[in-house]
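Notes for the one structure printed next.
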Amino acid sequence: MGTGTTSTTRTTGTGGVPVPREPADSRPAGDPWPAERGEALTHAAELAERARQGSGGVLLITGPTGTGRTALLDAVAGGLPALGLTVLRARCSAEESQSAYAAARQLFNPGARSRGPAARTPGAAGRAGPPSTPDPEADLWDLLLLHSSHRPLLLAVDDVELADTPSRQWLQQLGRRIDRLPVLLAVTERHRPEPGSPAAGFARTLPAPLVRACRLGPLGRDAVAAWAARRLPDLPYRADAPDRADVLVDGCLRATGGNPLLLDALLTDLATLPGDRARLTAAGTGTGPAPPAFTEAVDHWLHREGPEAATAARTLAELDGLPTDPSRPQAPESVAADLAELTGGDPVRLARWLRALTAQGLLDTPDDGSRPRYRHPLLREAVLAGWDAARRGQAHRAAAALLHRRGDPDERIAEHLLLIPGPGERWASDVLHRAARAAQQNGSPSRAADLLRRALEEPLSTRRRGATLTELGCLEVSLGPAGHAAGVRHLAEAVHLQQSDEGVFTAANALGAALAARGETAAALEVMEELAERFADREDLTRAVQAAAALISSHDGHSWLQVVEGLRRIAARTPRRIAPAARALLTEFDSTSGLLSAAEVAERVRELTEAPQDPFSQSYVTASAATLAQWADLLPEADRLVERSMTAYRGPLLHPGYQCLLSVRAETRVMRGEYRQLLDECEALVRETGLDDGSGGPRGVPRLGNAHLTAQAVIALTETGRLEQAHELARSAEAVGAQGSWEWNEYLYARGLLHLAAGRPAVALTDLLECGRRQRERQVESPIVTPWRSAAADCQVLLGQPGPAVELAAEELRLARIWGTPRTVGRAMRALAAATGGRQGLAMAGEAVDLLARAGVETELIPALITHGRMLGEAGRRAAARRTLREAAARAEHLGALRLRSAAVDLLQESGARLTTERHTGTLALTASEERICRLAAAGHANAEIAAMLHLAIRTVETHLTNSFRKLGIRRRSELAAGFEAADPAAERAAGGSGGLGPPGDGRVGDGGVGDGRVGDGGVGGA
């Protein structure tokens, strides 16, 4: 049907023949008649003139549903009475398609009902002679001749494709003879190369010279803009400048494809909305369902297309947006084949239908080969409005079954299973579990958790349900606070469902770790006690429970001391019964209490790593041994243990041993000054585990979900001069984790260093002293972890409190000498030298520099050089001070320690040193942003592509490349390939941008500095 209809008022003339009166314009008031439809009106006027001369013709108006065929026929019929034609109308319908001559009789008696072939019409009553066998066709010719004898006729027949067969045949017979009659036959026919369309058109058997055909298509943009301007006069359209895109007009065009039926309904809805909301709705960015008039029009459009097309349209809409197989290009034929299998339709007709919708502007066929989709979300929503949730679910269930039969990847099948409730087919649980594993491997734990939740709706054995609950609970807890409660519930349920001892241990261990992470250490230890009772006759599991309980207890200082005391009693009574993991934890405690030296601990590490381990305790022993090796400055050994264990680990991420390994790796990076690598690993961890779920933390700063990792990342950001991001990350961690744990003490220490670097020594001192108080409560005295005394002493010196500073630094030096590594001793000596001052302090600072230089402890050597250089300057030894400070600045630049470099450069300026403006050259002089952009450019990406990948302005990319070319000494883009490997755009997008933990506007030294001076191998410049 079109956008309007006409009813012709009839009066009775001479001889009782109905004579039509001229109808009013059938179009809605104010709606312009598109110029694109003017051709039909011209043809109608020409054919009307021929009919007046006694030789008529056929006007055939065709077009898809909703293109205005009826409205155009009304316009033709409304104008011809003025030319002296009598208008007779008929509207065909599917309901009367089985009643013979129903459509033809409407022409001569609009009120006639389908009463069968014997029904007579006015005009036949005057025929002479006795009654004869009824002949409906002869009656129709009699009536036609009778009416045309008074005035020429216009026979207007709407939707002729729905006419009953006898009427259609009579009208076609009339068309073949019409050049001998004063009759104009105007017919509309829905053009449907789609499901359910008739095999041949109405005019196929008619002589071509007698037919004038008018094919209606969608309205163009100008027509849409004009129509919208009439209907919505209060909104700006810029119809006089069609080259300028208008949001509302373009939105209407995309939503309707220029279909007048749909456009008229959409404009009706938009007219009821405020201006801004109307524009948003038309653009497809509004919220809520499709508006009512538009939805009703779409439903009418689909109804006229037929049930096969309507089902296919709604199935296509329901599957819109879901991933497709890239190896199967989604051409109309392949999509039609899928739709046919899903709906039971004919694939050939469905392929023609898809092409027709694309030609009408209602479907888009993406260039990437994915499935065709509706051009506008409003249209998709309106198409789907005809289905309830159950019917939409059936489409996804059928799609999942189709993909499974075809052997598509599990991830694509699972997309459909997620949208329907269980239970499903027998294979559904296997598909969901495999898809969950793939999601975890691809760094999408949130997705994996969704898939496992859906898997729980399928029939599962008790064993498999327990394993699924364990895996799901671990994922949920790892996703942050929002998932903790659900994760703990699922883990608790898993403990009761697991049937094997090993399964119970895995679930209970994860549950205990989750409870401890929430600060519920007592509840976590209760879980461990129940495990110990259950495994009393399993020595391997008993030992593993001992180790797990010890690590869990470390989240609470009081519980930790109780566990240590219990382990000591066991070791004293029966030394052979003490598990290796428990022995390692006792070694950790004695080390931090200042009772052991690094040399003694190194020997114990060797013993631990050489002794055979049972599989349940191995991860705990390895984690503890790596921790001890790191404290003893056996960093290569710590690296080896961490790498070996993390590579082989296959358990849940919540495992305390695994979390410990992450901590060791992070702190080892900080000890080496590998800040950039640490930040890259934190970014990777966020991507792999999905910790950055958007539920917390400031914009652009991911939550690491582990207070110790957060502490190390804060230190790395601080040392690379990114204080603002360090503050944001620190704030994001304040709501995460148990504040009584050892991890929180590490966090307080890192936050104190951040405040000190930011020039707030009083605030820093508060954090550092609180860290010290908490550590002493746990009997942690040694500076091998959180050397808070030396940092607090630095704060007190800045605050003019040298006395307390000397006390703290001297105590740290005493404890450091017990431990005996150059790192701890040199750090404490530097702090004590700064607090002491004078000749004694200067000599001690020089001693610290010598000790740290011999050991190659770069991260502590640079602060010692800065302290020594400052004290040399204060002693009047300016040349020696400058040499020392230049060395400190150069080492800091090489390390990427921007904070320390800035401190050294500031002191050089104070000493009167001139800073060179000579810049470094080569790739090491590039900032991280410049390097990232150079790699993408070397891979062949244009500036616009790079800007889109990294969310930067094109001008910013150009500026970075200009600076990079100067530093690299090159002139052409092609020369970049020699110095850079091609970059992976996905990886660069993940690392790019201003947020996250990636390198600062670099993290390296180079983008600035005092007087734009850089510290090179030749120093900062002479005095």
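In the structure tokens, the first chain shown is A, the next is B, and so on; residue numbers restart at 1 for each chain, and ligands run from 1 in the order shown.
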Exercise for the section: May I have the residues within 10 Å of Gly594 of chain A as a list in words, using only C-alpha atoms and disregarding those fewer than 6 positions away in the same chain? Expected result: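 Here the qualifying residues turn out to be Gln779, Val780, Glu781, Ser782, Pro783, Ile784, Arg814, Leu815, Ala816, Arg817, Ile818 and Trp819 of chain A.
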Restricting it to C-alpha atoms, dump the selection as an mmCIF file, in the first residue's frame.
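What landed in selection_17.cif:
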data_model
loop_
_atom_site.group_PDB
_atom_site.id
_atom_site.type_symbol
_atom_site.label_atom_id
_atom_site.label_comp_id
_atom_site.auth_asym_id
_atom_site.auth_seq_id
_atom_site.Cartn_x
_atom_site.Cartn_y
_atom_site.Cartn_z
ATOM 1 C CA GLN A 779 57.825 -8.185 63.638
ATOM 2 C CA VAL A 780 59.205 -7.031 60.290
ATOM 3 C CA GLU A 781 62.364 -5.103 61.111
ATOM 4 C CA SER A 782 64.827 -5.725 58.305
ATOM 5 C CA PRO A 783 65.061 -3.157 55.469
ATOM 6 C CA ILE A 784 64.989 -5.915 52.864
ATOM 7 C CA ARG A 814 72.482 -1.626 61.765
ATOM 8 C CA LEU A 815 69.800 -3.970 60.422
ATOM 9 C CA ALA A 816 71.172 -3.706 56.894
ATOM 10 C CA ARG A 817 74.586 -4.868 58.032
ATOM 11 C CA ILE A 818 72.994 -7.951 59.570
ATOM 12 C CA TRP A 819 71.512 -8.780 56.194
#
Exercise for the section: For Leu181 of chain A, please output as a list of chain:residue names all residues within 6 Å (counting only C-alpha atoms; exclusion window: fewer than 5 positions along the same chain). Expected result: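 Counting only C-alpha atoms, the residues come to A:Gly54, A:Ser55, A:Gly56.
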Practice task
Please provide the set of residues having any atom within 6 Å of Arg830 of chain A, restricted to only C-alpha atoms, with same-chain residues fewer than 5 positions apart removed, written as a list of chain:residue names.
Solution key: A:Ala845, A:Ala848, A:Ala864
How about saving the chosen residues, all heavy atoms kept, as a compact mmCIF listing (two decimals), in the first residue's frame?
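Result file result.txt:
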# COMPACT_ATOMS: atom_id res chain seq x y z
N ALA A 845 78.86 9.34 52.54
CA ALA A 845 78.22 9.33 51.23
C ALA A 845 79.16 8.78 50.18
O ALA A 845 78.76 7.99 49.30
CB ALA A 845 77.77 10.74 50.85
N ALA A 848 79.29 5.07 50.51
CA ALA A 848 78.09 4.45 49.95
C ALA A 848 78.19 4.36 48.43
O ALA A 848 77.84 3.34 47.82
CB ALA A 848 76.84 5.24 50.35
N ALA A 864 72.66 7.86 45.65
CA ALA A 864 73.88 8.08 46.42
C ALA A 864 74.78 9.10 45.73
O ALA A 864 75.39 9.97 46.40
CB ALA A 864 74.61 6.75 46.61
Practice task
Could you please determine the separation between atom CA of Trp742 of chain A and atom CA of Asn509 of chain A in Å, to one decimal place?
Solution key: 19.2 Å
Exercise for the section: Find the residues around Ala835 of chain A up to 12 Å (only C-alpha atoms counted), leave out those fewer than 5 positions away in its own chain, and share them as JSON, numbers by chain. Expected result: {"A": [789, 790, 791, 792, 793, 794, 795, 796, 797, 798, 799, 800, 801, 802, 803, 804, 805, 806, 807, 808, 809, 810, 828, 829, 830, 840, 841, 842, 844, 845, 867, 871]}
With N, CA and C atoms retained, could you export that selection as a compact mmCIF listing (two decimals), in the first residue's frame?
# COMPACT_ATOMS: atom_id res chain seq x y z
N ARG A 789 62.60 3.39 56.97
CA ARG A 789 63.39 4.26 57.84
C ARG A 789 64.22 5.26 57.03
N SER A 790 64.91 4.76 55.97
CA SER A 790 65.74 5.67 55.17
C SER A 790 64.88 6.71 54.46
N ALA A 791 63.72 6.29 53.95
CA ALA A 791 62.84 7.25 53.28
C ALA A 791 62.29 8.26 54.28
N ALA A 792 61.91 7.79 55.47
CA ALA A 792 61.41 8.72 56.49
C ALA A 792 62.51 9.68 56.93
N ALA A 793 63.75 9.18 57.00
CA ALA A 793 64.87 10.06 57.37
C ALA A 793 65.03 11.17 56.34
N ASP A 794 64.87 10.85 55.04
CA ASP A 794 64.95 11.89 54.01
C ASP A 794 63.87 12.94 54.22
N CYS A 795 62.68 12.52 54.60
CA CYS A 795 61.59 13.47 54.87
C CYS A 795 61.95 14.37 56.05
N GLN A 796 62.47 13.78 57.10
CA GLN A 796 62.80 14.55 58.30
C GLN A 796 63.91 15.55 58.03
N VAL A 797 64.87 15.19 57.18
CA VAL A 797 65.92 16.15 56.82
C VAL A 797 65.30 17.34 56.12
N LEU A 798 64.39 17.09 55.20
CA LEU A 798 63.73 18.19 54.49
C LEU A 798 62.88 19.04 55.42
N LEU A 799 62.36 18.42 56.48
CA LEU A 799 61.51 19.14 57.44
C LEU A 799 62.33 19.78 58.56
N GLY A 800 63.67 19.70 58.47
CA GLY A 800 64.52 20.31 59.49
C GLY A 800 64.56 19.52 60.78
N GLN A 801 64.50 18.20 60.70
CA GLN A 801 64.53 17.34 61.89
C GLN A 801 65.69 16.35 61.78
N PRO A 802 66.94 16.83 61.82
CA PRO A 802 68.08 15.92 61.61
C PRO A 802 68.25 14.90 62.72
N GLY A 803 67.88 15.23 63.94
CA GLY A 803 68.07 14.29 65.04
C GLY A 803 67.29 13.00 64.84
N PRO A 804 65.96 13.06 64.70
CA PRO A 804 65.18 11.84 64.43
C PRO A 804 65.62 11.14 63.15
N ALA A 805 66.06 11.93 62.15
CA ALA A 805 66.50 11.34 60.89
C ALA A 805 67.73 10.46 61.12
N VAL A 806 68.67 10.95 61.93
CA VAL A 806 69.88 10.18 62.21
C VAL A 806 69.52 8.88 62.93
N GLU A 807 68.60 8.95 63.87
CA GLU A 807 68.22 7.75 64.62
C GLU A 807 67.63 6.69 63.68
N LEU A 808 66.71 7.10 62.82
CA LEU A 808 66.10 6.14 61.92
C LEU A 808 67.12 5.56 60.95
N ALA A 809 67.96 6.42 60.36
CA ALA A 809 68.93 5.94 59.38
C ALA A 809 69.96 5.02 60.03
N ALA A 810 70.39 5.37 61.26
CA ALA A 810 71.39 4.53 61.95
C ALA A 810 70.81 3.16 62.26
N ALA A 828 71.14 2.55 53.24
CA ALA A 828 71.10 3.08 54.60
C ALA A 828 72.24 4.06 54.85
N MET A 829 73.44 3.77 54.32
CA MET A 829 74.57 4.68 54.49
C MET A 829 74.28 6.03 53.83
N ARG A 830 73.68 5.99 52.64
CA ARG A 830 73.34 7.25 51.97
C ARG A 830 72.39 8.09 52.82
N GLN A 840 81.80 14.17 58.19
CA GLN A 840 81.47 12.77 58.44
C GLN A 840 80.43 12.27 57.44
N GLY A 841 79.42 13.09 57.23
CA GLY A 841 78.39 12.70 56.28
C GLY A 841 78.92 12.61 54.87
N LEU A 842 79.81 13.55 54.48
CA LEU A 842 80.38 13.52 53.14
C LEU A 842 81.19 12.25 52.92
N MET A 844 80.83 9.42 54.50
CA MET A 844 79.92 8.27 54.46
C MET A 844 79.21 8.18 53.12
N ALA A 845 78.86 9.34 52.54
CA ALA A 845 78.22 9.33 51.23
C ALA A 845 79.16 8.78 50.18
N THR A 867 73.25 12.54 46.34
CA THR A 867 73.53 13.00 47.71
C THR A 867 75.00 13.40 47.85
N MET A 871 76.47 17.18 48.61
CA MET A 871 77.32 17.45 49.78
C MET A 871 78.69 17.96 49.36
Problem - Point-to-point distance in Å for atom CA of Ser444 of chain A and atom CA of Cys474 of chain A - result: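 Atom CA of Ser444 of chain A lies at a distance of 13.9 Å from atom CA of Cys474 of chain A.
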Exercise for the section: Just the residues within 12 Å of Arg52 of chain A, please, counting only C-alpha atoms, with nothing from its chain fewer than 2 positions along; format it as number ranges by chain. Expected result: A: 45-50, 54-57, 80-81, 83-86, 148-154, 179-184
Output of the above residues as a PDB file, in the first residue's frame, restricted to N, CA and C atoms:
ATOM      1  N   ALA A  45      -2.111  11.917 -18.161  1.00  0.00           N
ATOM      2  CA  ALA A  45      -2.776  12.958 -18.954  1.00  0.00           C
ATOM      3  C   ALA A  45      -2.765  12.602 -20.438  1.00  0.00           C
ATOM      4  N   GLU A  46      -1.638  12.057 -20.934  1.00  0.00           N
ATOM      5  CA  GLU A  46      -1.567  11.683 -22.357  1.00  0.00           C
ATOM      6  C   GLU A  46      -2.538  10.547 -22.671  1.00  0.00           C
ATOM      7  N   LEU A  47      -2.570   9.543 -21.797  1.00  0.00           N
ATOM      8  CA  LEU A  47      -3.473   8.417 -22.040  1.00  0.00           C
ATOM      9  C   LEU A  47      -4.935   8.837 -21.900  1.00  0.00           C
ATOM     10  N   ALA A  48      -5.220   9.770 -20.983  1.00  0.00           N
ATOM     11  CA  ALA A  48      -6.598  10.260 -20.841  1.00  0.00           C
ATOM     12  C   ALA A  48      -7.061  10.948 -22.119  1.00  0.00           C
ATOM     13  N   GLU A  49      -6.174  11.704 -22.737  1.00  0.00           N
ATOM     14  CA  GLU A  49      -6.539  12.382 -23.976  1.00  0.00           C
ATOM     15  C   GLU A  49      -6.811  11.350 -25.083  1.00  0.00           C
ATOM     16  N   ARG A  50      -6.011  10.296 -25.101  1.00  0.00           N
ATOM     17  CA  ARG A  50      -6.255   9.248 -26.077  1.00  0.00           C
ATOM     18  C   ARG A  50      -7.596   8.566 -25.826  1.00  0.00           C
ATOM     19  N   GLY A  54     -11.209   7.930 -28.057  1.00  0.00           N
ATOM     20  CA  GLY A  54     -11.736   6.601 -28.344  1.00  0.00           C
ATOM     21  C   GLY A  54     -10.685   5.515 -28.422  1.00  0.00           C
ATOM     22  N   SER A  55      -9.433   5.817 -28.121  1.00  0.00           N
ATOM     23  CA  SER A  55      -8.359   4.812 -28.185  1.00  0.00           C
ATOM     24  C   SER A  55      -7.534   4.910 -26.903  1.00  0.00           C
ATOM     25  N   GLY A  56      -7.908   4.067 -25.958  1.00  0.00           N
ATOM     26  CA  GLY A  56      -7.285   4.176 -24.639  1.00  0.00           C
ATOM     27  C   GLY A  56      -5.955   3.458 -24.529  1.00  0.00           C
ATOM     28  N   GLY A  57      -5.480   3.297 -23.284  1.00  0.00           N
ATOM     29  CA  GLY A  57      -4.208   2.626 -23.018  1.00  0.00           C
ATOM     30  C   GLY A  57      -4.137   2.189 -21.562  1.00  0.00           C
ATOM     31  N   LEU A  80      -8.217  13.351 -13.202  1.00  0.00           N
ATOM     32  CA  LEU A  80      -8.798  13.065 -14.505  1.00  0.00           C
ATOM     33  C   LEU A  80     -10.269  13.453 -14.651  1.00  0.00           C
ATOM     34  N   PRO A  81     -11.086  13.480 -13.572  1.00  0.00           N
ATOM     35  CA  PRO A  81     -12.468  13.944 -13.794  1.00  0.00           C
ATOM     36  C   PRO A  81     -12.535  15.326 -14.438  1.00  0.00           C
ATOM     37  N   LEU A  83     -10.807  16.289 -16.724  1.00  0.00           N
ATOM     38  CA  LEU A  83     -10.595  16.111 -18.155  1.00  0.00           C
ATOM     39  C   LEU A  83     -11.753  15.385 -18.813  1.00  0.00           C
ATOM     40  N   GLY A  84     -12.813  15.138 -18.029  1.00  0.00           N
ATOM     41  CA  GLY A  84     -14.020  14.541 -18.596  1.00  0.00           C
ATOM     42  C   GLY A  84     -14.079  13.045 -18.486  1.00  0.00           C
ATOM     43  N   LEU A  85     -13.302  12.420 -17.624  1.00  0.00           N
ATOM     44  CA  LEU A  85     -13.324  10.967 -17.464  1.00  0.00           C
ATOM     45  C   LEU A  85     -14.087  10.583 -16.214  1.00  0.00           C
ATOM     46  N   THR A  86     -14.851   9.511 -16.331  1.00  0.00           N
ATOM     47  CA  THR A  86     -15.513   8.926 -15.166  1.00  0.00           C
ATOM     48  C   THR A  86     -14.545   7.952 -14.509  1.00  0.00           C
ATOM     49  N   SER A 148     -18.960   3.416 -20.628  1.00  0.00           N
ATOM     50  CA  SER A 148     -18.108   4.180 -21.553  1.00  0.00           C
ATOM     51  C   SER A 148     -18.924   4.862 -22.637  1.00  0.00           C
ATOM     52  N   SER A 149     -20.206   4.441 -22.827  1.00  0.00           N
ATOM     53  CA  SER A 149     -21.045   5.110 -23.824  1.00  0.00           C
ATOM     54  C   SER A 149     -21.439   6.502 -23.376  1.00  0.00           C
ATOM     55  N   HIS A 150     -21.383   6.792 -22.109  1.00  0.00           N
ATOM     56  CA  HIS A 150     -21.728   8.124 -21.590  1.00  0.00           C
ATOM     57  C   HIS A 150     -20.496   9.032 -21.565  1.00  0.00           C
ATOM     58  N   ARG A 151     -19.421   8.554 -20.994  1.00  0.00           N
ATOM     59  CA  ARG A 151     -18.180   9.354 -20.876  1.00  0.00           C
ATOM     60  C   ARG A 151     -16.989   8.393 -20.926  1.00  0.00           C
ATOM     61  N   PRO A 152     -15.868   8.877 -21.343  1.00  0.00           N
ATOM     62  CA  PRO A 152     -14.664   8.027 -21.263  1.00  0.00           C
ATOM     63  C   PRO A 152     -14.417   7.603 -19.810  1.00  0.00           C
ATOM     64  N   LEU A 153     -13.786   6.443 -19.679  1.00  0.00           N
ATOM     65  CA  LEU A 153     -13.615   5.880 -18.340  1.00  0.00           C
ATOM     66  C   LEU A 153     -12.144   5.813 -17.917  1.00  0.00           C
ATOM     67  N   LEU A 154     -11.954   5.994 -16.598  1.00  0.00           N
ATOM     68  CA  LEU A 154     -10.689   5.613 -15.959  1.00  0.00           C
ATOM     69  C   LEU A 154     -11.013   4.465 -15.014  1.00  0.00           C
ATOM     70  N   ASP A 179      -7.169  -0.243 -27.071  1.00  0.00           N
ATOM     71  CA  ASP A 179      -6.959   0.798 -28.087  1.00  0.00           C
ATOM     72  C   ASP A 179      -8.209   1.017 -28.925  1.00  0.00           C
ATOM     73  N   ARG A 180      -9.243   0.173 -28.735  1.00  0.00           N
ATOM     74  CA  ARG A 180     -10.495   0.350 -29.467  1.00  0.00           C
ATOM     75  C   ARG A 180     -11.618   0.839 -28.560  1.00  0.00           C
ATOM     76  N   LEU A 181     -11.256   1.234 -27.347  1.00  0.00           N
ATOM     77  CA  LEU A 181     -12.254   1.658 -26.368  1.00  0.00           C
ATOM     78  C   LEU A 181     -11.868   3.004 -25.758  1.00  0.00           C
ATOM     79  N   PRO A 182     -12.848   3.805 -25.344  1.00  0.00           N
ATOM     80  CA  PRO A 182     -12.551   5.092 -24.673  1.00  0.00           C
ATOM     81  C   PRO A 182     -12.264   4.853 -23.178  1.00  0.00           C
ATOM     82  N   VAL A 183     -11.251   4.047 -22.926  1.00  0.00           N
ATOM     83  CA  VAL A 183     -10.984   3.613 -21.549  1.00  0.00           C
ATOM     84  C   VAL A 183      -9.487   3.749 -21.253  1.00  0.00           C
ATOM     85  N   LEU A 184      -9.199   4.313 -20.094  1.00  0.00           N
ATOM     86  CA  LEU A 184      -7.833   4.312 -19.552  1.00  0.00           C
ATOM     87  C   LEU A 184      -7.817   3.359 -18.352  1.00  0.00           C
TER      88      LEU A 184
END
Exercise for the section: Write out as an MDAnalysis selection string each polymer residue whose atoms come within 7 Å of Glu746 of chain A, counting only C-alpha atoms; drop sequence neighbours fewer than 6 positions from it. Expected result: chainID A and resid 708 711 786
Would you export the selected residues with N, CA, C and O atoms as a CSV table (one decimal), in the first residue's frame, please?
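Saved the output as result08.csv:
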chain,number,residue,atom,x,y,z
A,708,HIS,N,50.1,-5.1,46.3
A,708,HIS,CA,51.5,-5.1,46.1
A,708,HIS,C,51.9,-4.7,44.7
A,708,HIS,O,52.9,-3.9,44.4
A,711,ALA,N,51.6,-1.1,44.3
A,711,ALA,CA,52.7,-0.4,45.0
A,711,ALA,C,53.9,-0.3,44.0
A,711,ALA,O,54.5,0.8,43.9
A,786,THR,N,60.3,-2.8,52.3
A,786,THR,CA,59.8,-1.5,52.7
A,786,THR,C,60.9,-0.8,53.6
A,786,THR,O,60.6,-0.7,54.8
Problem - Secondary structure check, alpha helix (DSSP H) residues of segment 703-937 of chain A, as a VMD selection string - result: chain A and resid 707 to 719 723 to 733 742 to 757 761 to 777 788 to 798 802 to 819 822 to 836 838 to 855 858 to 874 878 to 895 898 to 910 928 to 937
Handout entry: Computed interatomic separation between atom CA of Val76 of chain A and atom CA of Phe294 of chain A (Å)
Key =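 A separation of 27.0 Å between them.
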Any idea what's packed within 10 Å of Arg774 of chain A, counting only C-alpha atoms, ignoring anything in its chain fewer than 5 positions away? Could you give it as a short mmCIF file (atom, residue, chain, number, x, y, z; two decimals) with N, CA, C and O atoms, in the first residue's frame?
data_model
loop_
_atom_site.label_atom_id
_atom_site.label_comp_id
_atom_site.auth_asym_id
_atom_site.auth_seq_id
_atom_site.Cartn_x
_atom_site.Cartn_y
_atom_site.Cartn_z
N GLY A 557 48.03 -9.37 60.30
CA GLY A 557 49.24 -9.45 61.10
C GLY A 557 49.12 -10.39 62.28
O GLY A 557 50.01 -11.21 62.54
N GLY A 740 45.01 -4.64 56.39
CA GLY A 740 45.86 -5.21 57.42
C GLY A 740 46.91 -6.15 56.86
O GLY A 740 47.67 -6.75 57.62
N SER A 741 46.98 -6.28 55.54
CA SER A 741 47.88 -7.25 54.94
C SER A 741 49.27 -6.66 54.73
O SER A 741 49.47 -5.44 54.76
N TRP A 742 50.25 -7.54 54.46
CA TRP A 742 51.59 -7.08 54.15
C TRP A 742 51.59 -6.27 52.85
O TRP A 742 52.40 -5.35 52.69
N TRP A 744 49.38 -4.16 51.92
CA TRP A 744 49.00 -2.78 52.21
C TRP A 744 50.18 -2.00 52.78
O TRP A 744 50.32 -0.80 52.51
N ASN A 745 51.03 -2.64 53.52
CA ASN A 745 52.22 -1.96 54.04
C ASN A 745 53.14 -1.55 52.88
O ASN A 745 53.73 -0.47 52.90
N LEU A 748 51.61 1.54 51.38
CA LEU A 748 51.88 2.76 52.16
C LEU A 748 53.30 3.26 51.89
O LEU A 748 53.53 4.48 51.79
N LEU A 768 54.98 6.87 55.73
CA LEU A 768 56.14 6.03 55.99
C LEU A 768 56.19 5.57 57.45
O LEU A 768 56.50 4.41 57.74
N LEU A 769 55.87 6.47 58.37
CA LEU A 769 55.85 6.08 59.78
C LEU A 769 54.73 5.08 60.06
O LEU A 769 54.89 4.16 60.87
N GLN A 779 56.44 -7.82 63.34
CA GLN A 779 57.83 -8.18 63.64
C GLN A 779 58.70 -8.14 62.39
O GLN A 779 59.68 -8.90 62.26
N VAL A 780 58.37 -7.25 61.47
CA VAL A 780 59.20 -7.03 60.29
C VAL A 780 60.13 -5.86 60.60
O VAL A 780 59.68 -4.71 60.70
#
Handout entry: Selected residue of minimal separation from Ser559 of chain A among A:Gly673, A:Arg778, A:Arg901, A:Thr358, counting only C-alpha atoms
Key = A:Arg778
Practice task
Step one, run DSSP on the backbone; step two, keep only residues of segment 50-280 of chain A assigned to strand (DSSP E or B); then write them as a PyMOL selection string.
Solution key: chain A and resi 57-63+86-91+153-158+183-190+211-215
Could you write out that same residue set with C-alpha atoms as a PDB file, in the first residue's frame?
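Wrote out-v9.pdb, looks like this:
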ATOM      1  CA  GLY A  57      -4.208   2.626 -23.018  1.00  0.00           C
ATOM      2  CA  VAL A  58      -2.795   1.049 -19.873  1.00  0.00           C
ATOM      3  CA  LEU A  59      -0.903   2.968 -17.158  1.00  0.00           C
ATOM      4  CA  LEU A  60       1.076   0.483 -15.044  1.00  0.00           C
ATOM      5  CA  ILE A  61       2.485   1.767 -11.726  1.00  0.00           C
ATOM      6  CA  THR A  62       4.877  -0.675 -10.068  1.00  0.00           C
ATOM      7  CA  GLY A  63       7.164  -0.498  -7.080  1.00  0.00           C
ATOM      8  CA  THR A  86     -15.513   8.926 -15.166  1.00  0.00           C
ATOM      9  CA  VAL A  87     -13.436   7.237 -12.484  1.00  0.00           C
ATOM     10  CA  LEU A  88     -14.282   3.680 -11.418  1.00  0.00           C
ATOM     11  CA  ARG A  89     -12.180   2.130  -8.639  1.00  0.00           C
ATOM     12  CA  ALA A  90     -11.286  -1.301  -7.326  1.00  0.00           C
ATOM     13  CA  ARG A  91      -8.882  -2.322  -4.559  1.00  0.00           C
ATOM     14  CA  LEU A 153     -13.615   5.880 -18.340  1.00  0.00           C
ATOM     15  CA  LEU A 154     -10.689   5.613 -15.959  1.00  0.00           C
ATOM     16  CA  LEU A 155     -10.567   2.147 -14.393  1.00  0.00           C
ATOM     17  CA  ALA A 156      -8.270   2.488 -11.370  1.00  0.00           C
ATOM     18  CA  VAL A 157      -7.247  -0.927  -9.976  1.00  0.00           C
ATOM     19  CA  ASP A 158      -5.003  -0.997  -6.895  1.00  0.00           C
ATOM     20  CA  VAL A 183     -10.984   3.613 -21.549  1.00  0.00           C
ATOM     21  CA  LEU A 184      -7.833   4.312 -19.552  1.00  0.00           C
ATOM     22  CA  LEU A 185      -6.855   1.362 -17.355  1.00  0.00           C
ATOM     23  CA  ALA A 186      -4.570   2.489 -14.484  1.00  0.00           C
ATOM     24  CA  VAL A 187      -3.153  -0.416 -12.478  1.00  0.00           C
ATOM     25  CA  THR A 188      -0.781  -0.593  -9.506  1.00  0.00           C
ATOM     26  CA  GLU A 189       1.278  -3.702  -8.981  1.00  0.00           C
ATOM     27  CA  ARG A 190       3.658  -4.454  -6.167  1.00  0.00           C
ATOM     28  CA  VAL A 211       1.309   0.216 -21.957  1.00  0.00           C
ATOM     29  CA  ARG A 212       3.008   3.131 -20.213  1.00  0.00           C
ATOM     30  CA  ALA A 213       4.937   1.782 -17.223  1.00  0.00           C
ATOM     31  CA  CYS A 214       6.077   3.823 -14.244  1.00  0.00           C
ATOM     32  CA  ARG A 215       8.427   2.118 -11.789  1.00  0.00           C
TER      33      ARG A 215
END
